[in-house]
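What follows is structure.csv (CSV, C-alpha atoms).
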chain,number,residue,atom,x,y,z
A,1,MET,CA,18.0,45.4,-48.0
A,2,SER,CA,15.7,42.8,-46.7
A,3,ARG,CA,13.9,42.3,-43.4
A,4,LEU,CA,14.0,38.8,-41.9
A,5,PRO,CA,11.6,37.9,-39.1
A,6,LEU,CA,13.2,36.3,-36.1
A,7,GLU,CA,10.6,35.6,-33.4
A,8,LYS,CA,13.1,34.5,-30.8
A,9,LYS,CA,13.4,35.4,-27.1
A,10,VAL,CA,16.3,37.8,-26.3
A,11,LEU,CA,17.2,35.7,-23.2
A,12,SER,CA,16.8,32.4,-25.0
A,13,GLU,CA,20.2,31.2,-23.8
A,14,ASN,CA,19.2,31.9,-20.1
A,15,ASP,CA,15.8,30.3,-20.7
A,16,ARG,CA,17.4,27.2,-22.2
A,17,ILE,CA,19.6,26.7,-19.1
A,18,ALA,CA,16.7,27.5,-16.8
A,19,GLY,CA,14.6,24.8,-18.7
A,20,ARG,CA,17.4,22.3,-18.2
A,21,LEU,CA,17.5,23.2,-14.4
A,22,ARG,CA,13.7,22.9,-14.1
A,23,GLU,CA,13.8,19.5,-15.8
A,24,ARG,CA,16.5,18.3,-13.3
A,25,PHE,CA,14.6,19.7,-10.3
A,26,GLN,CA,11.5,17.9,-11.5
A,27,GLN,CA,13.3,14.7,-12.2
A,28,HIS,CA,14.9,14.7,-8.7
A,29,GLN,CA,11.8,16.1,-7.0
A,30,VAL,CA,13.5,19.3,-5.8
A,31,PHE,CA,11.1,22.1,-5.0
A,32,CYS,CA,12.8,25.4,-5.8
A,33,LEU,CA,11.7,28.9,-4.9
A,34,ASN,CA,13.3,32.2,-6.0
A,35,PHE,CA,13.0,35.0,-3.4
A,36,ILE,CA,13.1,38.6,-4.8
A,37,SER,CA,12.8,42.0,-3.1
A,38,SER,CA,14.4,45.4,-3.0
A,39,PRO,CA,17.5,45.5,-0.7
A,40,GLY,CA,16.5,45.4,3.0
A,41,ALA,CA,12.9,44.2,2.6
A,42,GLY,CA,13.8,41.1,4.6
A,43,LYS,CA,14.6,38.1,2.3
A,44,THR,CA,17.4,36.9,4.6
A,45,SER,CA,15.3,37.4,7.7
A,46,LEU,CA,12.4,35.5,6.2
A,47,LEU,CA,14.7,32.6,5.3
A,48,GLU,CA,16.2,32.7,8.8
A,49,ARG,CA,12.7,32.4,10.4
A,50,THR,CA,11.8,29.7,7.9
A,51,LEU,CA,14.9,27.6,8.7
A,52,GLU,CA,14.3,28.0,12.4
A,53,ARG,CA,10.9,26.4,11.9
A,54,PHE,CA,12.1,23.5,9.8
A,55,SER,CA,13.0,20.3,11.7
A,56,PRO,CA,16.6,19.3,11.3
A,57,SER,CA,15.5,16.3,9.3
A,58,GLU,CA,14.2,18.6,6.5
A,59,ARG,CA,16.2,18.3,3.3
A,60,VAL,CA,16.7,22.0,2.6
A,61,ALA,CA,19.5,23.7,0.7
A,62,LEU,CA,20.1,27.4,0.0
A,63,LEU,CA,21.8,29.6,-2.5
A,64,THR,CA,22.1,33.3,-1.7
A,65,GLY,CA,23.1,35.9,-4.2
A,66,ASP,CA,24.8,39.2,-3.4
A,67,ILE,CA,27.0,41.7,-5.3
A,68,GLN,CA,29.6,41.5,-2.5
A,69,THR,CA,30.2,39.7,0.8
A,70,ASP,CA,29.1,36.3,2.1
A,71,ASN,CA,27.4,37.9,5.1
A,72,ASP,CA,24.0,36.3,4.2
A,73,ALA,CA,25.4,32.8,3.7
A,74,ARG,CA,27.0,33.2,7.2
A,75,ARG,CA,23.7,34.2,8.7
A,76,LEU,CA,21.9,31.3,7.1
A,77,ALA,CA,24.5,28.7,7.7
A,78,ARG,CA,23.9,29.0,11.5
A,79,PHE,CA,20.8,26.8,11.1
A,80,GLY,CA,22.8,23.7,10.0
A,81,PHE,CA,21.4,23.5,6.5
A,82,PRO,CA,23.8,23.7,3.6
A,83,VAL,CA,24.2,27.2,2.1
A,84,LYS,CA,26.2,28.5,-0.7
A,85,GLN,CA,26.8,32.2,-1.4
A,86,ILE,CA,26.9,33.3,-5.1
A,87,THR,CA,28.9,36.6,-5.2
A,88,THR,CA,28.0,38.2,-8.5
A,89,GLY,CA,30.8,40.8,-8.3
A,90,GLY,CA,28.6,43.7,-9.7
A,91,THR,CA,25.8,42.0,-11.5
A,92,CYS,CA,22.5,43.1,-10.2
A,93,HIS,CA,20.7,39.7,-10.6
A,94,LEU,CA,21.2,36.0,-10.6
A,95,ASP,CA,20.9,34.2,-13.9
A,96,ALA,CA,20.4,30.5,-14.7
A,97,ARG,CA,24.0,29.9,-15.6
A,98,MET,CA,25.1,31.1,-12.1
A,99,ILE,CA,22.7,28.6,-10.5
A,100,GLU,CA,23.9,25.8,-12.8
A,101,ARG,CA,27.5,26.5,-11.9
A,102,ALA,CA,26.7,26.7,-8.2
A,103,LEU,CA,25.0,23.3,-8.3
A,104,ALA,CA,27.5,21.7,-10.6
A,105,ASP,CA,28.8,19.3,-8.0
A,106,TRP,CA,25.5,18.7,-6.2
A,107,PRO,CA,24.3,15.2,-6.5
A,108,LEU,CA,20.6,15.9,-7.0
A,109,GLY,CA,18.4,13.6,-5.1
A,110,SER,CA,19.6,14.7,-1.7
A,111,PRO,CA,17.8,17.9,-0.9
A,112,ASP,CA,14.1,18.2,-1.8
A,113,THR,CA,13.9,21.9,-1.3
A,114,LEU,CA,16.2,24.6,-2.7
A,115,LEU,CA,15.6,28.2,-1.6
A,116,ILE,CA,17.3,30.8,-3.8
A,117,GLU,CA,17.7,34.3,-2.4
A,118,ASN,CA,18.2,36.7,-5.3
A,119,VAL,CA,20.2,39.9,-5.3
A,120,GLY,CA,18.3,42.7,-3.6
A,121,ASN,CA,16.7,44.4,-6.6
A,122,LEU,CA,13.0,44.7,-7.7
A,123,VAL,CA,13.7,45.1,-11.4
A,124,CYS,CA,16.5,43.0,-13.0
A,125,PRO,CA,15.9,39.6,-11.3
A,126,SER,CA,12.4,39.6,-12.8
A,127,SER,CA,13.8,39.0,-16.3
A,128,TYR,CA,15.8,35.9,-15.5
A,129,ASP,CA,14.2,32.5,-15.1
A,130,LEU,CA,16.2,30.3,-12.7
A,131,GLY,CA,14.3,27.1,-13.2
A,132,GLU,CA,12.3,27.7,-10.0
A,133,ALA,CA,8.8,26.4,-9.3
A,134,ALA,CA,7.7,29.8,-8.2
A,135,LYS,CA,9.0,33.3,-7.5
A,136,VAL,CA,8.2,34.9,-4.1
A,137,VAL,CA,8.3,38.7,-3.9
A,138,VAL,CA,8.9,40.3,-0.5
A,139,LEU,CA,7.8,43.9,0.2
A,140,SER,CA,8.2,45.6,3.6
A,141,VAL,CA,5.9,48.1,5.0
A,142,ALA,CA,8.9,50.5,5.4
A,143,GLU,CA,8.6,51.0,1.6
A,144,GLY,CA,5.9,52.6,-0.4
A,145,GLU,CA,2.6,50.7,-0.8
A,146,ASP,CA,2.6,51.6,-4.5
A,147,LYS,CA,5.6,49.5,-5.3
A,148,PRO,CA,3.5,46.9,-7.2
A,149,LEU,CA,2.4,49.7,-9.6
A,150,LYS,CA,5.9,51.0,-9.9
A,151,TYR,CA,7.6,47.6,-10.5
A,152,PRO,CA,4.8,45.6,-12.1
A,153,ALA,CA,7.0,43.0,-13.8
A,154,ILE,CA,8.1,41.3,-10.6
A,155,PHE,CA,4.7,41.4,-8.9
A,156,PHE,CA,3.1,40.0,-12.1
A,157,LYS,CA,5.6,37.1,-12.3
A,158,SER,CA,5.6,36.2,-8.6
A,159,GLU,CA,3.1,33.7,-7.2
A,160,LEU,CA,3.2,35.0,-3.7
A,161,LEU,CA,3.6,38.5,-2.1
A,162,VAL,CA,5.0,38.5,1.4
A,163,LEU,CA,4.3,41.8,3.2
A,164,ASN,CA,7.0,41.9,5.8
A,165,LYS,CA,7.7,44.1,8.9
A,166,THR,CA,4.0,44.4,9.8
A,167,ASP,CA,5.2,45.2,13.4
A,168,LEU,CA,6.3,48.6,12.0
A,169,LEU,CA,2.8,49.5,10.8
A,170,PRO,CA,2.0,51.8,13.8
A,171,TYR,CA,5.1,53.9,13.0
A,172,VAL,CA,4.8,54.2,9.2
A,173,SER,CA,2.2,55.6,6.8
A,174,PHE,CA,2.1,52.3,4.8
A,175,ASP,CA,-1.5,51.5,3.7
A,176,LEU,CA,-1.8,47.7,3.8
A,177,GLY,CA,-5.2,47.7,2.1
A,178,LYS,CA,-3.8,49.8,-0.8
A,179,ALA,CA,-0.8,47.6,-1.1
A,180,ARG,CA,-3.0,44.6,-1.5
A,181,GLU,CA,-5.3,46.3,-3.9
A,182,TYR,CA,-2.3,47.4,-6.1
A,183,ALA,CA,-0.7,44.0,-6.1
A,184,LEU,CA,-4.1,42.4,-7.2
A,185,GLN,CA,-4.5,45.1,-9.9
A,186,VAL,CA,-1.1,44.1,-11.4
A,187,HIS,CA,-1.6,40.4,-10.7
A,188,PRO,CA,-5.2,39.4,-10.2
A,189,GLY,CA,-5.5,36.3,-8.0
A,190,MET,CA,-2.0,36.8,-6.5
A,191,GLU,CA,-1.6,35.2,-3.1
A,192,ILE,CA,-0.6,37.5,-0.2
A,193,VAL,CA,0.8,36.8,3.2
A,194,GLU,CA,1.3,39.5,5.9
A,195,LEU,CA,4.0,38.8,8.5
A,196,SER,CA,6.6,40.1,10.8
A,197,CYS,CA,10.0,38.4,10.9
A,198,GLN,CA,10.6,40.4,14.1
A,199,THR,CA,7.7,39.3,16.1
A,200,GLY,CA,6.8,36.1,14.3
A,201,ALA,CA,3.2,37.2,13.6
A,202,GLY,CA,1.9,35.7,10.4
A,203,LEU,CA,4.8,33.3,10.0
A,204,ASP,CA,2.5,30.3,10.4
A,205,ASP,CA,0.6,31.5,7.3
A,206,TRP,CA,3.8,31.6,5.4
A,207,MET,CA,4.9,28.1,6.5
A,208,LYS,CA,1.4,26.8,5.5
A,209,TRP,CA,1.8,28.4,2.0
A,210,LEU,CA,5.2,26.9,1.7
A,211,ALA,CA,4.1,23.4,2.7
A,212,ARG,CA,1.1,23.5,0.4
A,213,ARG,CA,3.1,24.8,-2.5
A,214,ARG,CA,5.7,22.2,-2.0
A,215,GLU,CA,3.1,19.4,-2.1
A,216,SER,CA,1.5,20.7,-5.3
A,217,ALA,CA,5.0,20.8,-6.9
A,218,LYS,CA,5.5,17.2,-5.9
A,219,ASP,CA,2.3,16.3,-7.6
A,220,VAL,CA,3.6,17.9,-10.8
A,221,ALA,CA,6.9,16.2,-10.5
A,222,ARG,CA,5.3,12.8,-9.8
A,223,ALA,CA,3.2,13.2,-13.0
A,224,SER,CA,6.3,13.9,-15.1
A,225,ARG,CA,8.7,11.6,-13.3
A,226,PRO,CA,10.6,8.8,-15.0
A,227,LEU,CA,10.1,5.3,-13.6
A,228,LEU,CA,13.7,4.9,-12.5
A,229,ARG,CA,15.5,7.3,-10.1
A,230,GLU,CA,19.0,8.2,-10.9
A,231,HIS,CA,20.1,8.6,-7.3
A,232,PRO,CA,18.2,6.0,-5.3
A,233,THR,CA,20.3,6.4,-2.1
A,234,PRO,CA,21.2,9.8,-0.9
A,235,GLU,CA,24.6,10.2,0.9
A,236,ARG,CA,24.8,10.0,4.7
A,237,GLY,CA,25.8,12.7,7.1
A,238,ARG,CA,24.5,16.3,7.1
A,239,GLY,CA,24.4,19.6,8.6
A,240,GLN,CA,27.0,20.4,11.2
A,241,ASP,CA,29.6,21.4,8.7
A,242,ALA,CA,27.5,23.5,6.5
A,243,ARG,CA,29.7,26.3,5.4
A,244,ALA,CA,29.4,29.7,3.9
A,245,THR,CA,31.7,29.7,0.9
A,246,THR,CA,32.3,32.2,-1.8
A,247,GLY,CA,34.1,30.5,-4.6
A,248,GLU,CA,34.7,27.1,-3.0
A,249,THR,CA,32.9,23.9,-3.5
A,250,PRO,CA,29.7,24.0,-1.5
A,251,ALA,CA,28.8,21.7,1.3
A,252,LEU,CA,25.7,20.6,-0.6
A,253,HIS,CA,26.9,17.1,-1.2
A,254,ARG,CA,27.1,16.5,2.5
A,255,LEU,CA,23.5,16.6,3.0
A,256,ALA,CA,21.3,13.5,3.4
A,257,PRO,CA,18.9,14.5,6.1
A,258,GLY,CA,16.3,12.2,7.2
A,259,GLN,CA,18.9,9.5,7.2
A,260,GLU,CA,20.3,10.1,10.7
B,1,MET,CA,20.4,48.1,-14.7
B,2,HIS,CA,20.3,44.7,-16.3
B,3,GLU,CA,19.7,46.4,-19.7
B,4,LEU,CA,23.5,46.1,-20.4
B,5,SER,CA,23.2,42.3,-20.0
B,6,ILE,CA,20.2,42.3,-22.3
B,7,ALA,CA,21.9,44.5,-24.9
B,8,ASN,CA,24.7,42.0,-24.8
B,9,ALA,CA,22.3,39.1,-25.3
B,10,ILE,CA,20.9,40.9,-28.3
B,11,LEU,CA,24.3,41.3,-29.8
B,12,ASP,CA,25.1,37.6,-29.2
B,13,ALA,CA,21.9,36.6,-30.9
B,14,VAL,CA,22.5,38.9,-33.9
B,15,ARG,CA,26.0,37.3,-34.3
B,16,GLU,CA,24.5,33.9,-34.1
B,17,GLU,CA,21.8,34.7,-36.8
B,18,ARG,CA,24.4,36.4,-39.0
B,19,ALA,CA,26.5,33.2,-38.9
B,20,ARG,CA,23.5,31.1,-39.7
B,21,LEU,CA,22.8,33.4,-42.7
B,22,ASN,CA,26.4,33.1,-44.0
B,23,GLY,CA,27.6,36.5,-42.7
B,24,PRO,CA,25.5,39.3,-44.3
B,25,ARG,CA,26.0,42.9,-43.1
B,26,VAL,CA,23.3,43.4,-40.5
B,27,ILE,CA,21.9,47.0,-40.5
B,28,LYS,CA,19.2,46.9,-37.9
B,29,VAL,CA,17.8,44.6,-35.3
B,30,GLY,CA,14.2,44.9,-34.1
B,31,VAL,CA,13.3,44.0,-30.5
B,32,ARG,CA,9.8,43.7,-29.0
B,33,ILE,CA,9.5,44.8,-25.3
B,34,GLY,CA,6.3,44.3,-23.3
B,35,ALA,CA,5.1,46.6,-20.5
B,36,LEU,CA,5.5,43.7,-18.1
B,37,ALA,CA,9.0,42.8,-19.2
B,38,GLY,CA,10.7,45.0,-16.6
B,39,VAL,CA,13.1,46.4,-19.2
B,40,ASP,CA,13.5,50.1,-19.7
B,41,PRO,CA,13.7,50.9,-23.5
B,42,GLU,CA,15.8,54.0,-23.0
B,43,ALA,CA,18.4,52.3,-20.8
B,44,LEU,CA,18.5,49.4,-23.3
B,45,SER,CA,19.1,51.8,-26.2
B,46,PHE,CA,21.9,53.5,-24.3
B,47,GLY,CA,23.5,50.2,-23.3
B,48,PHE,CA,23.2,48.9,-26.8
B,49,GLU,CA,24.9,52.0,-28.3
B,50,VAL,CA,27.8,51.7,-25.9
B,51,LEU,CA,28.3,48.0,-26.5
B,52,VAL,CA,28.1,48.0,-30.2
B,53,LYS,CA,30.6,50.8,-30.8
B,54,ASP,CA,33.8,49.7,-32.4
B,55,THR,CA,32.8,46.1,-32.7
B,56,ASP,CA,32.3,43.9,-35.8
B,57,LEU,CA,28.6,44.9,-35.7
B,58,ASP,CA,29.1,48.7,-35.6
B,59,PRO,CA,27.0,50.6,-36.8
B,60,LEU,CA,24.1,48.2,-36.1
B,61,ARG,CA,21.0,50.0,-35.1
B,62,LEU,CA,18.4,48.9,-32.6
B,63,GLU,CA,14.7,49.5,-33.1
B,64,ILE,CA,12.4,48.9,-30.1
B,65,GLU,CA,8.7,48.1,-30.4
B,66,SER,CA,6.9,48.5,-27.1
B,67,THR,CA,3.9,46.3,-26.6
B,68,SER,CA,1.2,46.8,-24.0
B,69,ARG,CA,-0.4,44.3,-21.7
B,70,ARG,CA,-3.2,42.4,-23.3
B,71,HIS,CA,-6.0,40.4,-21.7
B,72,GLU,CA,-8.7,38.1,-22.9
B,73,CYS,CA,-12.1,37.9,-21.3
B,74,SER,CA,-12.9,34.4,-20.1
B,75,HIS,CA,-16.6,35.2,-20.3
B,76,CYS,CA,-17.1,36.8,-23.7
B,77,GLY,CA,-13.7,36.2,-25.4
B,78,HIS,CA,-13.0,39.9,-26.0
B,79,VAL,CA,-9.3,40.7,-26.3
B,80,PHE,CA,-8.3,44.1,-25.0
B,81,THR,CA,-5.3,46.3,-24.1
B,82,VAL,CA,-5.0,47.0,-20.4
B,83,VAL,CA,-4.7,50.7,-19.5
B,84,ASP,CA,-4.0,51.9,-16.0
B,85,TYR,CA,-4.3,48.4,-14.6
B,86,GLN,CA,-8.0,48.2,-15.6
B,87,VAL,CA,-8.2,44.4,-16.1
B,88,ASN,CA,-12.0,44.1,-16.2
B,89,CYS,CA,-13.5,43.4,-19.7
B,90,PRO,CA,-14.5,46.7,-21.3
B,91,ASP,CA,-17.2,44.8,-23.3
B,92,CYS,CA,-19.1,42.7,-20.8
B,93,GLY,CA,-17.6,44.0,-17.5
B,94,SER,CA,-16.5,40.6,-16.3
B,95,ALA,CA,-13.6,40.6,-13.9
B,96,ASP,CA,-12.7,37.1,-15.1
B,97,THR,CA,-10.0,38.0,-17.6
B,98,ARG,CA,-6.5,36.5,-18.2
B,99,CYS,CA,-3.3,38.0,-19.3
B,100,ILE,CA,-2.3,36.8,-22.8
B,101,GLY,CA,0.6,39.2,-23.6
B,102,GLY,CA,2.7,42.1,-22.5
B,103,ASP,CA,5.8,40.4,-21.0
B,104,GLU,CA,7.6,40.0,-24.4
B,105,LEU,CA,11.4,40.4,-24.6
B,106,GLU,CA,11.9,39.1,-28.1
B,107,LEU,CA,14.0,39.6,-31.2
B,108,ALA,CA,11.4,40.5,-33.9
B,109,TYR,CA,13.5,40.9,-37.0
B,110,LEU,CA,16.9,41.6,-38.6
B,111,GLU,CA,17.4,43.9,-41.5
B,112,VAL,CA,20.3,42.7,-43.7
B,113,GLU,CA,22.0,44.0,-46.8
B,114,GLU,CA,21.3,42.0,-49.8
B,115,SER,CA,24.3,40.3,-51.3
Translate the structure of the given file into C-alpha cells.
Amino acid sequence: MSRLPLEKKVLSENDRIAGRLRERFQQHQVFCLNFISSPGAGKTSLLERTLERFSPSERVALLTGDIQTDNDARRLARFGFPVKQITTGGTCHLDARMIERALADWPLGSPDTLLIENVGNLVCPSSYDLGEAAKVVVLSVAEGEDKPLKYPAIFFKSELLVLNKTDLLPYVSFDLGKAREYALQVHPGMEIVELSCQTGAGLDDWMKWLARRRESAKDVARASRPLLREHPTPERGRGQDARATTGETPALHRLAPGQE
Amino acid sequence: MHELSIANAILDAVREERARLNGPRVIKVGVRIGALAGVDPEALSFGFEVLVKDTDLDPLRLEIESTSRRHECSHCGHVFTVVDYQVNCPDCGSADTRCIGGDELELAYLEVEES
C-alpha cells in the first residue's frame, strides 16, 4: 500500500469555472457581487432599494437563486433591469456552473454590473466561488447578533456586512455593538453598513460603498484589460421587456442602457 | 447541507486521479478541512458513506484532517493558531496580524494498493 500526496482543492472544478467567469468579467469590465444571507434577512429587499436608486441608464443585470419559485425575479423585474431566476430545484447554493449556464447567451460588454442573489443560506454558498469581485453578507437584527461567530466562514469571506432591518431595533434584543464586535473578530477590518430597507435609513452609505467598490474594481479591470475589446458596440434597446424567467432564455441580451 | 455535493466532488476527484494512475484500487482518500471552510466534517463523512456505497469505489474510506485558523503577525512575524477568535499576536501583542490559513478544503492524499 502506498500513500500518494495530492494537494488539490476539492472544489477545483468549481474554482476552474469561477476563474473563467472572473476572467470574462474583468475582460468585459463587469462588476459582479454575490449576495449571501440566511433566508429572510433582506437580500431581495436590499436589491429592490438599490435598483430603485439606480438611474434607468445604469447598465445593471441580476441573477437570483432560489430552490423553488421565480417570486424574487418577479419582484426585481419591476425596476426595468434584466433579471434571470436560477431555480436550483433543491440545491442549497449557487455554483459557478449555474452562473455560466445562466449567462451562456449573454453578450458580455453590455451590462457593467451583475448582482447575484444567492440561495438563502449562511453556510453552503460560502464554499462556492462564483467569479464575483466581492461577497456581501446580509444579517438582519431580527436574527442573533452572534451569527458571525456561529457561521464564521461566510463572514470571513465577505468584504461587506450589511446589518439590515435597523428599524426593528427598538423591538428586538439585538445588540448592534456586539454584532459589529463579533464580525470584526472573525474578519478584522471587515466593512460594515447599517441600514433599513423599510425606512431607507443608511441606504446612502450602502450606495456609496457600492459606487466606491465598483470604481476600484474598474481600476483592477483596466490594469489587466487587453487592448482590443471584443464587443465594442453594445446592442440597442433595454429595459421594458425585462422578464422573470425560469428555464427560458433571459432578457439579458436586450440591454444596452446608456444608449437611449 | 452542501456536504453531499462536496462528497460527490471528492469521489469525482478520486476517479480522476485513479484514471491518471492507470486504475489502482484506492483504499483511502485524505481530505483537509479548515475551521473557516464552512464544512461540517461529520455531515461530510455521512454523505460520503452514503454516496460511495455500491459504487466502483466502495469500500473507499475517507479520512478528514481538521486544520485551525492560522495568523501571521505583521509586526514580529510570529505564526500562531487562532483560538476563540483571539487574533492579536500572543508574542508581541500586536493587533496587526493577517490570516494565512484555515479555509482549506483540499484533497491531501490517496492511499492505493500496490500492483
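Nearest residue to chain A, choosing from B:Leu36, B:Asp96, B:Cys89, B:Ala7 and counting only C-alpha atoms: B:Leu36.
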Legend entry - Residue neighbourhood Ala95 in chain B, 9 Å, all atoms listed in the file, exclusion window fewer than 4 positions, as a list in words: Cys73, Ser74, His75, Val87, Asn88 and Cys89 of chain B
Go ahead and save the residues from that selection, with C-alpha atoms, as a PDB file, in the coordinates of the input.
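Resulting contents of out.pdb:
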ATOM      1  CA  CYS B  73     -12.100  37.900 -21.300  1.00  0.00           C
ATOM      2  CA  SER B  74     -12.900  34.400 -20.100  1.00  0.00           C
ATOM      3  CA  HIS B  75     -16.600  35.200 -20.300  1.00  0.00           C
ATOM      4  CA  VAL B  87      -8.200  44.400 -16.100  1.00  0.00           C
ATOM      5  CA  ASN B  88     -12.000  44.100 -16.200  1.00  0.00           C
ATOM      6  CA  CYS B  89     -13.500  43.400 -19.700  1.00  0.00           C
TER       7      CYS B  89
END
Inset, instruction - Find, counting only C-alpha atoms, the residue in B:Leu11, B:Val79, B:Ile33, B:Val52 that gets nearest to Ser66 in chain B. - result: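 Ranked by minimum distance to Ser66 in chain B, first place goes to B:Ile33.
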Inset, instruction - Hey, list the chain B side of the contact with chain A: 7 Å cut-off, only C-alpha atoms, answer as a VMD selection string. - result: chain B and resid 1 to 2 9 to 10 36 to 38 85 105 to 114
Legend entry - Selected residue of minimal separation from Phe35 in chain A among A:Arg74, A:Lys150, A:Arg214, A:Lys135, counting only C-alpha atoms: A:Lys135
Inset, instruction - Pick out the residues sitting within 9 Å of Glu58 in chain A, and hand them over as a list in words; count only C-alpha atoms, and ignore anything fewer than 2 positions along from it in its own chain. - result: Phe54, Ser55, Pro56, Val60, Phe81, Pro111, Asp112, Thr113, Pro257 and Gly258 of chain A
Legend entry - Atom-to-atom span, CA of Ala13 in chain B and CA of Asp56 in chain B, Å: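 Computing it gives 13.6 Å between the two atoms.
Take CA of Lys208 in chain A and CA of Glu181 in chain A: the distance between them is 22.7 Å.
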Legend entry - Contacts of Leu203 in chain A at 9 Å (only C-alpha atoms; same-chain gap of 3+ positions) as a ChimeraX atom specification: /A:46,49-50,193-197,200,206-208
Inset, instruction - For Ser45 in chain B, work out the shell of residues within 8 Å, counting only C-alpha atoms and skipping chain neighbours fewer than 4 positions away, then give it as a PyMOL selection string. - result: chain B and resi 7+41+49+62
Inset, instruction - Take CA of Ile86 in chain A and CA of Leu63 in chain A and report the distance between them in Å, one decimal. - result: 6.8 Å
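For the residues B:Ser5, B:Ala19, B:Asp40, B:Cys92, ranking by smallest atom-to-atom distance to Glu65 in chain B using only C-alpha atoms places B:Asp40 first.
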